[in-house]
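Undergrad: Mind looking over this structure? Questions follow.
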Amino acid sequence: MKTLVTKRLILRDLRYSDVEDFYNYAKKPNIGPSAGWKPHQSIDESMKIIRMMISENEVWAITLKEVDQVIGTIGLHVRNFDNAISNQKEIGYVLDDTHWGKGLMVEAVEAVLRYAFIDLELDKVLCGHSIHNIQSKRVVEKSNFIYTHNEFRDHFDGTQIEIMMYELTKDNYLGGKHDKSKTEIRL
Ligand SMILES: CC(C)(COP(=O)(O)OP(=O)(O)OC[C@H]1O[C@@H](n2cnc3c(N)ncnc32)[C@H](O)[C@@H]1OP(=O)(O)O)[C@@H](O)C(=O)NCCC(=O)NCCS
């Protein structure tokens, strides 16, 4: 993954050595379930997820500039057949609750959108949140995504959860209010 630098954040590759920081928030009951996954039960479980994410190469670790400690993740995923054949990806993110409410995820999303449209030249980026997830809804709105439809997805507890889906096309992005110049990319 290319490292993306914003005003307050560095988005970088995940490392095996991040496992303790990752487990520290992934075990909390108010983080994973909002994104559809079960809170981690052990550090070993977090290591297995890190291994998977490193091999899939779709996820950045979110760190603050002043401390190289993982406080969340953000990814660009190919979730289904449509994504694979239509030059589009779905953005997904989580942040440790000790850092909520500071606009950090909007900043991370902005950097990833710039990378998605300018560097990867994607045609569309999708995003979805559960109908109950008002915090994520605010991130999506502040990032200028456009609502498209609701759909049901599998939740970790075996139930189906209703998701509001949004999209941002390359044309919307290029013609919109997004900051296209400020993300530094480190090779
Ligand atoms: C969704 C999430 C990434 C938002 O990140 P963030 O950096 O805190 O986003 P913002 O700072 O822009 O805050 C978003 C909204 O949440 C509100 N908020 C912040 N802390 C809150 C809290 N403890 N309880 C309720 N709302 C809160 C903010 O006021 C803001 O709303 P506003 O723009 O109307 O003021 C973060 O809450 C999170 O990781 N949640 C758990 C995982 C998750 O839901 N992932 C997304 C799956 S779709």
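Identifiers in this document derive from the order of the structure tokens: chains are assigned A, B, ..., residues are numbered from 1 separately in each chain, and ligands are numbered from 1 in order of occurrence.
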Around ligand 1, at most 7 Å away and counting only C-alpha atoms and all ligand atoms, which residues are there? Put them as a list of chain:residue names, please.
TA: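 Going residue by residue within 7 Å of ligand 1, we get A:Asn30, A:Ile31, A:Gly32, A:Ser34, A:Ala35, A:Gly92, A:Tyr93, A:Val94, A:Leu95, A:Asp96, A:Asp97, A:His99, A:Trp100, A:Gly101, A:Lys102, A:Gly103, A:Leu104, A:Met105, A:Val106, A:Gly128, A:His129, A:Ser130, A:Asn133, A:Ile134, A:Gln135, A:Ser136, A:Arg138, A:Val139.
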Undergrad: As a list in words, please: the residues near range 40-45 of chain A (cut-off 10 Å, only C-alpha atoms, same-chain neighbours under 6 positions excluded).
TA: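 The neighbour list is Val19, Glu20, Asp21, Phe22, Tyr23, Asn24, Tyr25, Ala26, Lys27, Lys28, Pro29, Gly32 and Arg51 of chain A.
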Undergrad: Name the residues of chain A that come out as strand (DSSP E or B) in a backbone DSSP run; write them as a ChimeraX atom specification.
TA: /A:3-5,9-12,59-64,67-77,88-95,124-130,146-154,160-169,184-186
Undergrad: Pick out the closest residue to Ile54 in chain A from this set: A:Phe117, A:Tyr16, A:Tyr173, A:Phe145. Count only C-alpha atoms.
TA: A:Tyr16
Undergrad: Pull the closest atom pair for each residue of range 65-135 of chain A that gets at most 9 Å from range 163-167 of chain A, along with the distance in Å to one decimal, counting only C-alpha atoms, ordering rows by chain and then ascending residue number, as JSON lines.
TA:
```
{"residue": "A:Glu90", "atom": "CA", "partner": "A:Glu167", "partner_atom": "CA", "distance": 8.7}
{"residue": "A:Lys124", "atom": "CA", "partner": "A:Glu167", "partner_atom": "CA", "distance": 6.7}
{"residue": "A:Val125", "atom": "CA", "partner": "A:Glu167", "partner_atom": "CA", "distance": 5.7}
{"residue": "A:Leu126", "atom": "CA", "partner": "A:Glu167", "partner_atom": "CA", "distance": 4.3}
{"residue": "A:Cys127", "atom": "CA", "partner": "A:Tyr166", "partner_atom": "CA", "distance": 5.2}
{"residue": "A:Gly128", "atom": "CA", "partner": "A:Met165", "partner_atom": "CA", "distance": 4.3}
{"residue": "A:His129", "atom": "CA", "partner": "A:Ile163", "partner_atom": "CA", "distance": 5.3}
{"residue": "A:Ser130", "atom": "CA", "partner": "A:Ile163", "partner_atom": "CA", "distance": 4.3}
{"residue": "A:Ile131", "atom": "CA", "partner": "A:Ile163", "partner_atom": "CA", "distance": 5.6}
{"residue": "A:His132", "atom": "CA", "partner": "A:Ile163", "partner_atom": "CA", "distance": 8.8}
```
Undergrad: Taking only C-alpha atoms into account, name the residue in A:Glu162, A:Gly75, A:Leu174, A:Glu56 that is nearest to His149 in chain A.
TA: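 So, comparing all the options, the nearest one is A:Glu162.
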Undergrad: Using DSSP secondary structure from the backbone, list all helix (DSSP H, G or I) positions within range 5-178 of chain A, as an MDAnalysis selection string.
TA: chainID A and resid 16:26 32:35 43:56 81:85 97:99 104:119 134:142 170:175
Undergrad: Can you measure CA of His178 in chain A to CA of Ser143 in chain A for me? One decimal in Å is fine.
TA: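 Going from CA of His178 in chain A over to CA of Ser143 in chain A, I get 8.0 Å.
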Undergrad: So how far away is CA of Arg153 in chain A from CA of Val109 in chain A, in Å?
TA: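 Distance reported for this atom pair: 22.4 Å.
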Undergrad: For Ser17 in chain A, which residue out of A:Thr148, A:Gln160, A:Ser86, A:Gln69 is the nearest one, using only C-alpha atoms?
TA: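 Distance minimum relative to Ser17 in chain A lands on A:Gln69.
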Undergrad: Rank A:Val78, A:Gly36, A:Gln88, A:Gly175 by their smallest atom-to-atom distance to Thr159 in chain A, using only C-alpha atoms, and report the top residue only.
TA: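 Once distances to Thr159 in chain A are computed over only C-alpha atoms, the minimum belongs to A:Gly36.
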Undergrad: Quick one: of A:Lys142, A:Asp123, A:Ala61, A:Val70, who's nearest to Ala84 in chain A, counting only C-alpha atoms?
TA: A:Asp123
Undergrad: Please measure the separation of CA of Asn144 in chain A and CA of Met53 in chain A, giving the value in Å to one decimal.
TA: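 One can read the CA of Asn144 in chain A to CA of Met53 in chain A distance as 27.2 Å.
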Undergrad: Range 9-13 of chain A: which residues within 10 Å, counting only C-alpha atoms, same-chain residues fewer than 3 positions away excluded, as number ranges by chain?
TA: A: 1-6, 53-54, 57-68, 70, 72-74, 104-105, 107-108, 111-112, 184-186
